[in-house]
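The data block below is final_31.json; it holds JSON, C-alpha atoms.
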```json
[["chain", "number", "residue", "atom", "x", "y", "z"],
["B", 18, "MET", "CA", 8.81, 1.31, 0.10],
["B", 19, "LYS", "CA", 9.47, -2.34, 0.69],
["B", 20, "TYR", "CA", 7.73, -5.36, 2.11],
["B", 21, "PHE", "CA", 8.90, -6.85, 5.38],
["B", 22, "ASP", "CA", 11.09, -9.31, 3.38],
["B", 23, "GLY", "CA", 12.83, -6.47, 1.49],
["B", 24, "THR", "CA", 10.98, -6.84, -1.84],
["B", 25, "GLN", "CA", 10.03, -3.52, -3.46],
["B", 26, "ILE", "CA", 6.32, -2.60, -3.29],
["B", 27, "GLU", "CA", 4.91, -1.87, -6.74],
["B", 28, "LEU", "CA", 1.74, -0.29, -8.06],
["B", 29, "GLY", "CA", -1.03, -2.86, -8.51],
["B", 30, "ASP", "CA", 0.36, -5.36, -5.99],
["B", 31, "ARG", "CA", -2.19, -7.46, -4.09],
["B", 32, "VAL", "CA", -1.23, -7.55, -0.43],
["B", 33, "VAL", "CA", -2.33, -8.92, 2.94],
["B", 34, "TRP", "CA", -2.08, -6.98, 6.20],
["B", 35, "GLN", "CA", -2.31, -9.26, 9.20],
["B", 36, "THR", "CA", -2.37, -8.18, 12.84],
["B", 37, "SER", "CA", -3.43, -9.95, 16.01],
["B", 38, "SER", "CA", -6.95, -8.52, 15.49],
["B", 39, "PHE", "CA", -7.60, -8.90, 11.75],
["B", 40, "VAL", "CA", -6.48, -10.11, 8.33],
["B", 41, "GLU", "CA", -7.21, -7.77, 5.43],
["B", 42, "SER", "CA", -6.34, -8.02, 1.74],
["B", 43, "GLY", "CA", -6.02, -5.07, -0.58],
["B", 44, "LEU", "CA", -4.55, -3.46, -3.69],
["B", 45, "VAL", "CA", -1.72, -0.91, -3.82],
["B", 46, "VAL", "CA", -3.36, 1.99, -5.70],
["B", 47, "CYS", "CA", -0.86, 4.82, -5.21],
["B", 48, "LEU", "CA", 2.88, 5.12, -4.70],
["B", 49, "ILE", "CA", 2.71, 8.62, -3.27],
["B", 50, "ASN", "CA", 6.43, 9.47, -3.27],
["B", 51, "GLN", "CA", 6.88, 8.23, -6.85],
["B", 52, "GLY", "CA", 3.79, 10.00, -8.20],
["B", 53, "LYS", "CA", 2.36, 6.74, -9.60],
["B", 54, "TYR", "CA", -1.26, 5.77, -9.22],
["B", 55, "ILE", "CA", -4.03, 3.58, -10.64],
["B", 56, "ASP", "CA", -7.12, 5.15, -12.22],
["B", 57, "ASP", "CA", -8.43, 8.03, -10.09],
["B", 58, "TYR", "CA", -6.38, 7.21, -6.98],
["B", 59, "ASP", "CA", -3.99, 10.17, -7.31],
["B", 60, "PHE", "CA", -2.91, 10.94, -3.77],
["B", 61, "THR", "CA", 0.44, 12.46, -4.76],
["B", 62, "ILE", "CA", -0.68, 15.66, -3.03],
["B", 63, "LEU", "CA", 0.24, 13.80, 0.18],
["B", 64, "GLN", "CA", 3.97, 13.83, -0.72],
["B", 65, "ASN", "CA", 4.49, 16.70, 1.72],
["B", 66, "GLN", "CA", 2.34, 15.04, 4.37],
["B", 67, "GLY", "CA", 4.22, 11.84, 5.04],
["B", 68, "GLY", "CA", 4.21, 10.23, 1.59],
["B", 69, "GLY", "CA", 4.19, 6.44, 1.55],
["B", 70, "ILE", "CA", 1.55, 4.40, -0.27],
["B", 71, "MET", "CA", -2.24, 4.13, -0.46],
["B", 72, "ILE", "CA", -3.86, 0.72, -0.31],
["B", 73, "LEU", "CA", -7.50, 0.01, -1.10],
["B", 74, "PHE", "CA", -8.42, -2.75, 1.35],
["B", 75, "ASP", "CA", -11.46, -4.94, 0.80],
["B", 76, "GLN", "CA", -13.08, -4.10, 4.15],
["B", 77, "LEU", "CA", -11.11, -1.16, 5.60],
["B", 78, "GLY", "CA", -11.23, 0.97, 2.45],
["B", 79, "LEU", "CA", -8.37, 3.38, 1.63],
["B", 80, "VAL", "CA", -5.46, 3.42, 4.05],
["B", 81, "GLN", "CA", -2.28, 5.50, 3.85],
["B", 82, "ILE", "CA", 0.80, 3.59, 4.98],
["B", 83, "PHE", "CA", 3.79, 5.79, 5.82],
["B", 84, "GLU", "CA", 7.39, 4.67, 5.23],
["B", 85, "ASP", "CA", 8.08, 4.81, 8.97],
["B", 86, "ASP", "CA", 5.01, 2.70, 9.87],
["B", 87, "GLU", "CA", 5.84, -0.76, 11.16],
["B", 88, "VAL", "CA", 3.14, -2.51, 9.15],
["B", 89, "GLU", "CA", 3.79, -6.09, 8.03],
["B", 90, "LEU", "CA", 2.39, -6.24, 4.53],
["B", 91, "ARG", "CA", 2.68, -9.58, 2.74],
["B", 92, "PHE", "CA", 2.92, -9.74, -1.01],
["B", 93, "ILE", "CA", 0.25, -11.89, -2.70],
["B", 94, "SER", "CA", 0.53, -11.18, -6.44],
["B", 95, "ARG", "CA", 1.64, -8.59, -8.95],
["B", 96, "SER", "CA", -0.38, -7.41, -11.92],
["B", 97, "PRO", "CA", 1.43, -7.74, -15.26]]
```
Would you put the structure from the file into structure tokens?
Amino acid sequence: MKYFDGTQIELGDRVVWQTSSFVESGLVVCLINQGKYIDDYDFTILQNQGGGIMILFDQLGLVQIFEDDEVELRFISRSP
């Protein structure tokens, strides 16, 4: 998956999701389609149920973002 600007989303990225109602920051914890995950956030079982990524947001908690979702995620930083 990619950010709105075309940059590839990577495991461990800090992101911001901003809508007209809220601004929420979070951490990309699972790249479902690639089978990559941080710590115990293995959601690769969801590959057959839409895939995408899992983000652990500070307030919202875990959210699955599908590749077809029109969510504007902004990249903040990347862990080394």
Nearest-residue call for Leu48 in chain B, choices B:Ile82, B:Tyr20, B:Val32, B:Gln66, using only C-alpha atoms: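 With only C-alpha atoms as the atom set, the closest residue is B:Ile82.
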12 Å contact set for range 51-64 of chain B, all atoms listed in the file, chain neighbours under 3 positions out, as a list in words: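 So the residues in contact are Met18, Ile26, Glu27, Leu28, Gly29, Asp30, Leu44, Val45, Val46, Cys47, Leu48, Gly67, Gly68, Gly69, Ile70, Met71, Ile72, Leu73, Leu79, Val80, Gln81, Ile82, Phe83, Glu84 and Ser96 of chain B.
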Length of the CA of Leu77 in chain B to CA of Ile49 in chain B vector [Å]: 19.1 Å
d(CA of Ser38 in chain B, CA of Asp22 in chain B) in Å: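 About the pair CA of Ser38 in chain B and CA of Asp22 in chain B: they are 21.7 Å apart.
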d(CA of Glu41 in chain B, CA of Val88 in chain B) in Å: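 Atom-to-atom, CA of Glu41 in chain B and CA of Val88 in chain B are spaced 12.2 Å apart.
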Residue nearest Leu90 in chain B - candidates B:Gly23, B:Val40, B:Val33, B:Phe74, atoms counted: all atoms listed in the file: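 For Leu90 in chain B, the nearest of the candidates is B:Val33.
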Proximity to Arg31 in chain B - best of B:Lys19, B:Asn65, B:Ile93, B:Asn50, all atoms listed in the file: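 Nearest to Arg31 in chain B: B:Ile93.
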Spatial neighbours of Glu89 in chain B, 9 Å, all atoms listed in the file, chain gap at least 2 places, as a PyMOL selection string: chain B and resi 20-21+33-36+87+91
